[in-house]
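Below is one structure, written out as C-alpha cells, with a few remarks after it.
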Amino acid sequence: MSNSPVLEIPAFDGRALIDGKRTHAKDGTVFDCVSPVDGRVLTQVARCGQADVDAAVVAARTAFEDKRWRGLPPAQRKRVMIRFADLLMQHRDQLALTETLDMGKPVKYARAVDVASASNCIRWYGEAVDKRYDEIAPTPDTALALITQEPVGVVGVIVPWNYPMIMAAWKIAPALAVGNSVVLKPSEKSPLTALRMAELALEAGIPAGVFNVVTGYGPEAGSPLALHMDVDCIAFTGSTRVGKQIHVMAGQSNLKRAWTELGGKSPNIVFADCPDLDRAVEAAVGSIFFNQGESCNAPSRLFVEASIKDQFLEKALKLVPAYAPANPLLPETIMGALVDQIQMNTVLRYIASGKSEGAKLLAGGEQALIDTGGCYVQPTIFDGVTSDMTIAREEIFGPVLSVLSFTDAADVVRQANASVYGLQAAVWTRDLNKAHGVARALRAGTVHVNQYDEDDITVPFGGFKQSGVGRDKSMHAFDKYTETKTTWIRIDSPV
Ligand code: NAD
C-alpha cells in the first residue's frame with residue numbers, strides 16, 4: 001500500500017497449541033488469516049472443531065488433576081507469571097507488529113497500549129496471588145469453620161478481536177494465577193497473538209497442558225467449549241447476541257459458571273457548565289475514534305446540552321482531520337483499519353441508516369483508502385440524532401459518533417438510560433451535586449466525571465443490563481475463577 005514502511009513480514013505459525021505442542025486441527029482444515037491493512041493473507045490458521053476442543057480440555061483437566069501448576073506454592077506461580085509478563089515486554093515489537101497486521105490497529109497503540117497492558121495485567125495478578133488470605137468464620141469455640149477459595153478447574157475463555165491480547169489477559173491472568181487450567185479460543189479474526197502468548201507462557205515455565213489455545217470459528221470451536229461437560233467455567237467477551245447463547249449453553253450442559261462481558265452504547269453527557277470544554281471535546285472525539293471505534297466502552301452517544309451544542313461541534317470538527325485513516329504500520333498513524341470487510345460493511349450500513357433516518361452528516365461517512373485493498377472508514381459524526389434512531393440504539397463498533405442534545409439533568413438521564421446496554425458513561429459539569437446525582441442515576445458499570453480515559457488494572461470493568469455479567473480486572477476478578485469452600489472442623493474439648 002502507499003506509504004508502506006519497508007518491513008519484513010514475519011512467518012506466522014497458525015497451528016493451535018494443545019498440551020504444550022503446536023498442532024494442526026485433527027481433520028487438517030485451515031482458514032486464511034487475512035490482514036485488514038491491505039488484504040494480504042498472513043498465514044493459514046488451524047480450523048479447530050469438537051475433536052480439538054476435546055483434546056485441549058483433556059490436556060487442561062489432566063494438568064489440573066495432577067497439580068503440576070495448582071500444586072505449586074503461590075509464590076512460585078507468582079514468579080512464573082512475572083516471567084511471562086516480562087517475556088511479553090521482551091517481544092513487544094514482534095507482538096505489536098503481529099497485532100497490527102492481524103487486526104488493523106495502529107502499531108503505535110498496539111505497542112504502547114495492547115502489549116504493555118496485557119503484560120501489566122499478567123504481572124499484577126501474578127504479584128497479587130501470594131498476598132491473598134482465606135478466612136476463618138466467627139463460630140463458637142466448639143468448631144472451626146474455614147472459608148477457602150479454590151481454583152474452579154478448567155476455564156474456557158472466548159475473546160473478541162478488538163483488543164486480542166488485553167481481553168485474553170484480563171481472563172487468563174487471574175484464572176492461571178490461582179491455579180486453574182485454561183483453554184483459550186481467540187477470535188477467528190485475530191488469532192495470532194494469542195498463540196504467541198501461549199508459547200511465551202510455556203517459555204516462562206507454565207507447564208504444558210495448563211494454557212491451551214484452540215483457533216477457529218465461534219460455532220465450530222467456541223460452542224464446543226461452552227457446551228463442554230468437563231469445562232467448569234466459561235469466561236466470554238464479545239457481542240450481546242453471542243453472550244446470551246453462552247449462558248444458554250452453560251445451562252444446557254453442566255451448569256458451568258458463565259461470565260460475559262458484552263456490548264455497549266455508552267453515553268457521554270456534557271452540561272453547559274462543563275469545567276473545560278476543550279478537554280471535553282478532545283475526550284469525546286479521541287475516545288470514539290480510538291481503536292477505529294472498535295471499543296466496547298467507546299462513548300458513541302454524545303449528549304450535549306442544547307445551549308452549547310453548536311460551540312462544541314465547531315471545536316469537535318476541527319479535530320476530525322487528524323483521525324483520517326492511514327497505514328497503521330506507520331509510526332505516526334492514530335486511525336488504522338477496521339478488522340475485516342464484514343465489519344467495514346456493517347459500519348457502512350449503519351452510516352447509511354443514519355442518513356436515511358434523518359440524522360445530519362457533519363463529517364466522514366465514506367469508505368477510505370479503497371485502492372489499498374484494506375478496510376478503512378472515515379471518522380464520522382452525525383448531528384441531530386434522536387434516541388429512536390438505529391445509530392443511537394445499536395452498537396456500531398466503528399468510528400461513528402452520534403450527537404444528541406438535552407435540556408436538563410432529568411431529561412438526559414432518561415435518554416442515557418434508554419438503552420439495553422449499561423457499560424460506561426461520562427458526565428461533564430463543574431457542579432459537584434449534579435455530577436454526583438447524575439453519576440448515581442446512570443445505569444452503567446463505570447461512570448467517568450470530567451474525563452473519559454482513566455483506566456487501571458486495579459478497578460473492576462464490566463456492565464449493567466445487557467452489557468454482561470461479572471467484572472474483569474481488579475481483585476474482584478479472582479472471584480470468577482475460584483469456588484468458595486467451607487470446611488467445618490469439630491473441636492471436641494476447647495481449653
Ligand atoms: P462476537 O460475539 O461475534 O465474537 C466473540 C467471540 O465469540 C469470538 O471468539 C467468536 O469466534 C466467538 N463466537 C461467536 N459465535 C460463537 C458461538 N456460537 N459460540 C461460541 N463462541 C462464539 O463478538 P466480536 O465481533 O468478536 O467482538 C465485538 C463485541 O465484543 C462487541 O459487541 C463489543 O462491545 C464486545 N466487547 C465487549 C467488551 C467488554 O469488556 N464488555 C470488551 C471488548 C469487546
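Naming works like this for the C-alpha cells: A, B, ... for the chains as they're shown, residue 1 at the start of each chain, ligands 1 onward in shown order.
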Which residues of stretch 264-369 of chain A come within 9 Å of stretch 157-163 of chain A, and what is each one's closest atom pair and distance in Å (one decimal), counting only C-alpha atoms, sorted by chain and residue number, as a tab-separated table?
residue	atom	partner	partner_atom	distance
A:Asn291	CA	A:Asn162	CA	7.7
A:Glu294	CA	A:Asn162	CA	6.0
A:Ser295	CA	A:Asn162	CA	6.7
A:Cys296	CA	A:Asn162	CA	8.6
A:Val339	CA	A:Trp161	CA	7.7
Would you put the residues from that selection into a file with C-alpha atoms, as an mmCIF file, in the first residue's frame?
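Done, and the output landed in part_26.cif:
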data_model
loop_
_atom_site.group_PDB
_atom_site.id
_atom_site.type_symbol
_atom_site.label_atom_id
_atom_site.label_comp_id
_atom_site.auth_asym_id
_atom_site.auth_seq_id
_atom_site.Cartn_x
_atom_site.Cartn_y
_atom_site.Cartn_z
ATOM 1 C CA ASN A 291 -9.071 1.826 18.019
ATOM 2 C CA GLU A 294 -13.912 -0.744 17.913
ATOM 3 C CA SER A 295 -14.075 -0.418 21.694
ATOM 4 C CA CYS A 296 -16.901 -1.811 23.805
ATOM 5 C CA VAL A 339 -10.814 -5.613 11.418
#
Identify, with DSSP run on backbone atoms, the residues in stretch 373-484 of chain A assigned to strand (DSSP E), and express the list as JSON, numbers by chain.
{"A": [376, 377, 380, 381, 382, 383, 400, 401, 402, 403, 404, 405, 406, 421, 422, 424, 425, 426, 427, 428, 446, 447, 448, 449, 464, 465, 468, 469, 482, 483, 484]}
As a PyMOL selection string, please: every protein or nucleic acid residue near ligand 1 (cut-off 8 Å, counting only C-alpha atoms and all ligand atoms).
chain A and resi 158-163+167+185-189+216-226+236-243+245-246+260-264+294-297+395+397+423+461-463+467-468+472
When you count only C-alpha atoms, which of these residues is closest to A:Cys274: A:Gln378, A:Ser307, A:Ser474, A:Ser402?
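The shortest atom-to-atom distance to A:Cys274 comes from A:Ser307.
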Sorted by chain and rising residue number, list the residues of stretch 66-170 of chain A at most 10 Å from stretch 326-335 of chain A (counting only C-alpha atoms), each with its closest atom pair and distance in Å to one decimal, as a Markdown table.
| residue | atom | partner | partner_atom | distance |
| --- | --- | --- | --- | --- |
| A:Ala96 | CA | A:Leu329 | CA | 9.8 |
| A:Leu97 | CA | A:Leu329 | CA | 7.7 |
| A:Thr100 | CA | A:Pro328 | CA | 6.8 |
| A:Leu101 | CA | A:Leu329 | CA | 7.9 |
| A:Met103 | CA | A:Pro328 | CA | 9.9 |
| A:Gly104 | CA | A:Pro328 | CA | 6.4 |
| A:Lys105 | CA | A:Pro328 | CA | 6.0 |
| A:Pro106 | CA | A:Pro328 | CA | 4.1 |
| A:Val107 | CA | A:Leu329 | CA | 5.5 |
| A:Lys108 | CA | A:Pro331 | CA | 5.6 |
| A:Tyr109 | CA | A:Ile334 | CA | 7.8 |
| A:Ala110 | CA | A:Pro328 | CA | 9.7 |
